[in-house]
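Everything on this sheet refers to the single structure shown next.
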Amino acid sequence: MALPLRTALRLMALVSLSFFLSCKSTKVLADGKVDDNISAKTIVKNHYANTTNFNTLTGKMRIDYSDGESSQGVSVSLRMEKDKAIWMSAPLGMVKVYITPGRVTFYNKLQNEYFDGNFEYLSKFLGTELDFKQVQNMLMGKALFNLREAKYDASVVNGDYQLKPKKAMDLFKVMFQIEPKNFKMASQQLSQPLKKRLLQVNYTDYQKIGRYILPQRIAVAAIEGEERKTVDIEYKNIEFDQPINFPYKIPKGFKEISLTDDAR
């Protein structure tokens, strides 16, 4: 059963802040040993040295979403071209999503409705300004912000390296935990205490697919006041660097929905 457009939009907003996958042909990587004497500078350097530099990605994923009052599940096809596009399609193309650096657009054939805008939708829904690069970084188990632009205090917490800025940011509080085996993200947290907002993305287990090292599971929580939205994702049948296209065209006659109508 296809999701209502509002639910689909919210699912895809959270999907855009969570990534990668589970595949029976992959091998889950064991945890590494932490170095109590490692510097924050070295942790940051190793994090970027282990960036996954793919060209394209294709596969399927199962998304389970809950807002505390109701829950929904949907399976979608996924296509991605690094730095250029993210495309998702529900069965029979009932709901399609197409995200590029300058555009965020969705449509739903059951309701004959569509949304066509920019990252303001995702930013408003999740409570923080985002761009395509930041979303892609989190999808790949990479830091949301450029860690090279600040200095951090490093500590070891629950077997991971934890980084906290030496100088607090003006509008946000951030915290990063990096796993020691591959220096990928274990968890990253962004909060706005005055607005009672929190976004947390947890990456559990890393796996190797060919020459790529990727998260196996993602759990996302977006909290604002008393409201809490969560999504769990499982990715399957992932392939890299295959020729792909992005079939997407808003059908004629569909009604456009606005940001104010559906971002609440």
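Each chain in the structure tokens gets a letter, A, B and so on, in the order shown; residues start at 1 in every chain, and ligands are counted from 1 in the order they appear.
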
Need the shell around Ala154 of chain A: protein/DNA/RNA residues with any atom at most 6 Å away, counting only C-alpha atoms. Skip same-chain ones fewer than 3 positions apart. Format as a JSON list (two decimals) with N, CA and C atoms, in the first residue's frame?
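Resulting contents of result17.json:
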[["chain", "number", "residue", "atom", "x", "y", "z"],
["A", 40, "ALA", "N", 43.12, 14.41, 18.56],
["A", 40, "ALA", "CA", 41.93, 14.76, 17.79],
["A", 40, "ALA", "C", 42.31, 15.04, 16.34],
["A", 162, "GLN", "N", 35.38, 10.06, 20.71],
["A", 162, "GLN", "CA", 34.39, 11.13, 20.76],
["A", 162, "GLN", "C", 35.07, 12.48, 20.57],
["A", 163, "LEU", "N", 34.50, 13.30, 19.69],
["A", 163, "LEU", "CA", 35.02, 14.64, 19.42],
["A", 163, "LEU", "C", 33.97, 15.68, 19.80]]

Might you pull out every residue within 6 Å of segment 83-86 of chain A, with only C-alpha atoms counted and same-chain residues fewer than 6 positions away left off, and present them as a PyMOL selection string?
chain A and resi 98-100

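Distance check against Lys249 of chain A using only C-alpha atoms: of A:Arg211, A:Lys60, A:Lys96, A:Lys173, the minimum falls on A:Lys96.
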
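What separates atom CA of Asp160 of chain A from atom CA of Phe176 of chain A is a distance of 9.7 Å.
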
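In terms of minimum interatomic distance to Ser66 of chain A, A:Thr230 ranks closest within A:Gln111, A:Thr230, A:Gln242, A:Asn118, counting only C-alpha atoms.
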
Proximity to Lys229 of chain A - best of A:Tyr65, A:Phe115, A:Tyr107, A:Tyr48, only C-alpha atoms:
A:Tyr65

With only C-alpha atoms as the counted atoms, please give the residues lying no more than 10 Å from Gln136 of chain A, apart from itself and same-chain residues fewer than 3 positions off, as a ChimeraX atom specification.
/A:16-19,80,82-86,101,131-133,139-144

Helix (DSSP H, G or I) residues, from DSSP on the backbone, in segment 63-154 of chain A, as a count of residues only:
21

Residues near Gln192 of chain A, cut-off 8 Å, only C-alpha atoms, skip fewer than 4 positions along chain, as a ChimeraX atom specification
/A:171-173,196-198

Can those selected residues be exported to a file as a CSV table (one decimal), in the first residue's frame so that it contains N, CA and C atoms?
chain,number,residue,atom,x,y,z
A,171,LEU,N,24.9,28.6,17.4
A,171,LEU,CA,23.5,28.2,17.3
A,171,LEU,C,23.3,26.7,17.7
A,172,PHE,N,24.3,25.9,17.6
A,172,PHE,CA,24.1,24.5,17.8
A,172,PHE,C,25.1,23.9,18.8
A,173,LYS,N,24.8,22.7,19.3
A,173,LYS,CA,25.8,21.9,20.0
A,173,LYS,C,26.0,20.7,19.1
A,196,LYS,N,14.7,23.2,21.8
A,196,LYS,CA,14.4,21.8,22.2
A,196,LYS,C,14.4,20.9,21.0
A,197,ARG,N,15.4,21.1,20.2
A,197,ARG,CA,15.6,20.2,19.0
A,197,ARG,C,16.8,19.4,19.1
A,198,LEU,N,16.7,18.2,18.6
A,198,LEU,CA,17.8,17.2,18.6
A,198,LEU,C,17.7,16.3,17.4

Could you tell me which of A:Met94, A:Val201, A:Val34, A:Ile213 comes closest to Met175 of chain A if we count only C-alpha atoms?
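Comparing A:Met94, A:Val201, A:Val34, A:Ile213 against Met175 of chain A, the winner is A:Val201.
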
Got a sec to tell me which of segment 129-209 of chain A DSSP assigns to strand (DSSP E), as a VMD selection string?
chain A and resid 152 to 157 160 to 165 173 to 178 185 to 192 197 to 209

Set the distance at 8 Å and use only C-alpha atoms: which residues neighbour segment 70-75 of chain A once local chain neighbours fewer than 5 positions away are removed? I'd like the list as a list in words.
Ala2, Leu3, Lys60, Met61, Arg62, Ile63, Asp64, Tyr65, Ala90 and Pro91 of chain A

May I have the residues within 9 Å of Ala49 of chain A as an MDAnalysis selection string, using only C-alpha atoms and disregarding those fewer than 4 positions away in the same chain?
chainID A and resid 44:45 183

Record the distance separating atom CA of Val220 of chain A and atom CA of Asp153 of chain A, expressed in Å with one decimal.
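The value is 24.8 Å.
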
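For the atom pair formed by atom CA of Leu147 of chain A and atom CA of Gly225 of chain A, the distance is 28.3 Å, given to one decimal.
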
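If you measure from each of A:Asp116, A:Glu227, A:Asp170, A:Asp36 to Gly68 of chain A using only C-alpha atoms, the closest one turns out to be A:Glu227.
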
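Comparing the minimum interatomic distances between Leu194 of chain A and each of A:Glu224, A:Arg79, A:Lys109, A:Asp67, counting only C-alpha atoms, we find that A:Glu224 sits nearest.
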